[in-house]
Amino acid sequence: MTDYQALKNAVMSGKRDEVTKIVSAAVAAKEDLNNILDKGMIPAMREIGDKFSRNEVYVPELLVAARAMQAGLTLVEPLLAKTGRKPLGRVAIGTVKGDLHDIGKNLVAIMLKGAGYEVIDLGVNCDVAKFETSMDKKPQVIACSALLTTTMVYMKDVVQHFTAKGIKVIIGGAPITQAYADEIGASGYSEDANGAVKLVDKLLGAR
Ligand code: B1M
């Protein structure tokens with residue numbers, strides 16, 4: 001019988017080997033994959049995300065937890081694909097054209113995955129055409145990250161293009177503000193990765 005509290009603690013404290021051990025054993029014992037996610041890993045990422053938002057933990061702690069989460073997800077994801085577990089929704093994410101910063105974007109992606117969303121990660125330097133390549137997967141939200149004042153302006157093109165098609169666009173990154181999001185007509189802004197999950201939850205009515 002899997003100790004889900006131990007799994008949760010291992011993810012939150014970033015113990016990657018421990019997560020791998022517990023998840024491997026759970027998979028070998030044919031535990032319900034939904035339980036592994038819903039009782040262990042997802043609450044762990046939600047809780048550490050909330051702590052991060054309250055400044056109780058910082059980027060390094062969040063990064064190690066994210067890596068531990070990723071280690072567990074790597075084991076579960078291929079099996080989940082076979083069970084047909086439905087994701088809460090689909091989000092395509094990328095850092096905008098001209099911008100190569102991806103640490104924050106990766107955190108947002110992993111928090112979304114951890115929360116139960118399917119994430120199409122388009123990487124960095126994404127222009128509208130690159131975001132368009134995700135359309136065959138039918139994302140409901142485009143999530144756009146920028147770290148440079150010179151590249152954030154491109155978000156306006158992404159917002160205009162996709163909102164015209166009825167797809168929501170959310171933005172974030174160090175130089176972004178709510179005022180800027182309002183100015184360019186984005187569907188939403190969040191200042192951190194956990195806030196991005198809450199924003200997507202709200203936009204898609206998922207929770
Ligand atoms: Co660069 N860089 N950098 N850099 N870099 C900054 C951003 C800078 C502020 C440093 C400085 O001058 N003090 C500055 C920007 C100045 C400005 O525009 N105002 C800068 C510069 C100038 C540059 C170069 C131009 C330097 C040069 O070559 N002369 C160059 C540009 C390259 C390019 O992109 N074309 C450059 C290059 C690099 C490295 C490659 C060396 C490296 C990036 C490595 C990588 O990402 N793989 C790098 C780094 C590491 C930084 C700093 C030090 C750290 C950024 C980071 O990862 N933070 C940064 C200075 C700083 O921020 N102190 C700096 C941690 C990360 C977790 O935070 O990405 O903000 P962040 O993400 C947060 C939130 O913003 C939010 O959630 C995350 C956490 O909760 N968030 C979202 C992010 N995306 C979101 C999306 C959402 C919602 C929330 O919804 C969609």
# chains A, B, ... in the order shown; residues from 1 in each chain; ligands from 1
$ residues_near_ligand --ligand "ligand 1" --cutoff "6 Å" --atoms "only C-alpha atoms and all ligand atoms" --output "VMD selection string"
chain A and resid 59 98 to 105 143 to 145 147 to 150 170 to 174 190 to 193 196
$ write_last_selection --atoms "C-alpha atoms" --output "JSON list (two decimals), in the first residue's frame"
[["chain", "number", "residue", "atom", "x", "y", "z"],
["A", 59, "VAL", "CA", 12.73, 29.68, -6.28],
["A", 98, "GLY", "CA", 13.64, 37.04, -29.19],
["A", 99, "ASP", "CA", 13.65, 35.80, -25.59],
["A", 100, "LEU", "CA", 15.70, 32.79, -24.43],
["A", 101, "HIS", "CA", 14.85, 32.86, -20.72],
["A", 102, "ASP", "CA", 13.07, 29.66, -19.84],
["A", 103, "ILE", "CA", 13.45, 28.95, -16.12],
["A", 104, "GLY", "CA", 10.24, 30.73, -15.13],
["A", 105, "LYS", "CA", 8.37, 29.35, -18.14],
["A", 143, "ALA", "CA", 0.57, 30.97, -21.93],
["A", 144, "CYS", "CA", 3.24, 33.47, -22.84],
["A", 145, "SER", "CA", 6.36, 34.30, -20.84],
["A", 147, "LEU", "CA", 11.79, 38.37, -19.23],
["A", 148, "LEU", "CA", 13.02, 41.27, -21.31],
["A", 149, "THR", "CA", 11.45, 44.68, -21.72],
["A", 150, "THR", "CA", 12.48, 44.46, -25.38],
["A", 170, "ILE", "CA", -2.30, 34.66, -20.39],
["A", 171, "ILE", "CA", 0.98, 36.41, -19.83],
["A", 172, "GLY", "CA", 3.67, 36.61, -17.18],
["A", 173, "GLY", "CA", 7.35, 37.16, -16.49],
["A", 174, "ALA", "CA", 9.41, 39.58, -14.41],
["A", 190, "SER", "CA", -0.08, 36.24, -12.93],
["A", 191, "GLU", "CA", 3.11, 37.20, -11.16],
["A", 192, "ASP", "CA", 4.17, 33.66, -10.33],
["A", 193, "ALA", "CA", 3.87, 30.06, -11.43],
["A", 196, "ALA", "CA", -0.70, 30.95, -13.35]]
$ select_by_dssp --residues "stretch 1-104 of chain A" --states "helix (DSSP H, G or I)" --output "PyMOL selection string"
chain A and resi 4-12+16-28+33-53+59-83+103-104
$ closest_atom_pairs --of "stretch 16-93 of chain A" --to "stretch 107-128 of chain A" --cutoff "9 Å" --atoms "only C-alpha atoms" --output "JSON lines"
{"residue": "A:Leu37", "atom": "CA", "partner": "A:Gly114", "partner_atom": "CA", "distance": 8.2}
{"residue": "A:Asp38", "atom": "CA", "partner": "A:Gly116", "partner_atom": "CA", "distance": 8.8}
{"residue": "A:Met41", "atom": "CA", "partner": "A:Gly114", "partner_atom": "CA", "distance": 7.0}
{"residue": "A:Ile42", "atom": "CA", "partner": "A:Gly114", "partner_atom": "CA", "distance": 5.2}
{"residue": "A:Pro43", "atom": "CA", "partner": "A:Ala115", "partner_atom": "CA", "distance": 8.0}
{"residue": "A:Ala44", "atom": "CA", "partner": "A:Gly114", "partner_atom": "CA", "distance": 8.6}
{"residue": "A:Met45", "atom": "CA", "partner": "A:Gly114", "partner_atom": "CA", "distance": 6.1}
{"residue": "A:Arg46", "atom": "CA", "partner": "A:Ala115", "partner_atom": "CA", "distance": 6.9}
{"residue": "A:Gly49", "atom": "CA", "partner": "A:Met111", "partner_atom": "CA", "distance": 7.8}
{"residue": "A:Leu62", "atom": "CA", "partner": "A:Leu107", "partner_atom": "CA", "distance": 8.1}
{"residue": "A:Leu63", "atom": "CA", "partner": "A:Leu107", "partner_atom": "CA", "distance": 7.2}
{"residue": "A:Ala66", "atom": "CA", "partner": "A:Ile110", "partner_atom": "CA", "distance": 6.4}
{"residue": "A:Arg67", "atom": "CA", "partner": "A:Ile110", "partner_atom": "CA", "distance": 8.7}
{"residue": "A:Met69", "atom": "CA", "partner": "A:Gly114", "partner_atom": "CA", "distance": 7.3}
{"residue": "A:Gln70", "atom": "CA", "partner": "A:Ile110", "partner_atom": "CA", "distance": 7.3}
{"residue": "A:Leu73", "atom": "CA", "partner": "A:Gly114", "partner_atom": "CA", "distance": 8.2}
{"residue": "A:Lys86", "atom": "CA", "partner": "A:Gly116", "partner_atom": "CA", "distance": 8.7}
{"residue": "A:Pro87", "atom": "CA", "partner": "A:Tyr117", "partner_atom": "CA", "distance": 5.1}
{"residue": "A:Leu88", "atom": "CA", "partner": "A:Tyr117", "partner_atom": "CA", "distance": 5.1}
{"residue": "A:Gly89", "atom": "CA", "partner": "A:Tyr117", "partner_atom": "CA", "distance": 5.2}
{"residue": "A:Arg90", "atom": "CA", "partner": "A:Glu118", "partner_atom": "CA", "distance": 4.7}
{"residue": "A:Val91", "atom": "CA", "partner": "A:Val119", "partner_atom": "CA", "distance": 5.0}
{"residue": "A:Ala92", "atom": "CA", "partner": "A:Ile120", "partner_atom": "CA", "distance": 4.5}
{"residue": "A:Ile93", "atom": "CA", "partner": "A:Asp121", "partner_atom": "CA", "distance": 5.1}
$ closest_residue --among "A:Lys51, A:Lys82, A:Ala10, A:Met1" --to "A:Lys30" --atoms "only C-alpha atoms"
A:Met1
$ atom_distance --atom1 "atom CA of A:Leu75" --atom2 "atom CA of A:Glu47"
21.6 Å
$ select_by_dssp --residues "stretch 100-141 of chain A" --states "strand (DSSP E or B)" --output "ChimeraX atom specification"
/A:118-121,126,141
$ closest_residue --among "A:Ala29, A:Ile167, A:Leu204, A:Ala71" --to "A:Ser134" --atoms "only C-alpha atoms"
A:Ile167
$ closest_residue --among "A:Leu199, A:Val158, A:Val153, A:Ala164" --to "A:Tyr180" --atoms "only C-alpha atoms"
A:Val153
$ atom_distance --atom1 "atom CA of A:Phe131" --atom2 "atom CA of A:Gly84"
25.5 Å
$ closest_residue --among "A:Val141, A:Lys156, A:Glu56, A:Val27" --to "A:Leu203" --atoms "only C-alpha atoms"
A:Val141
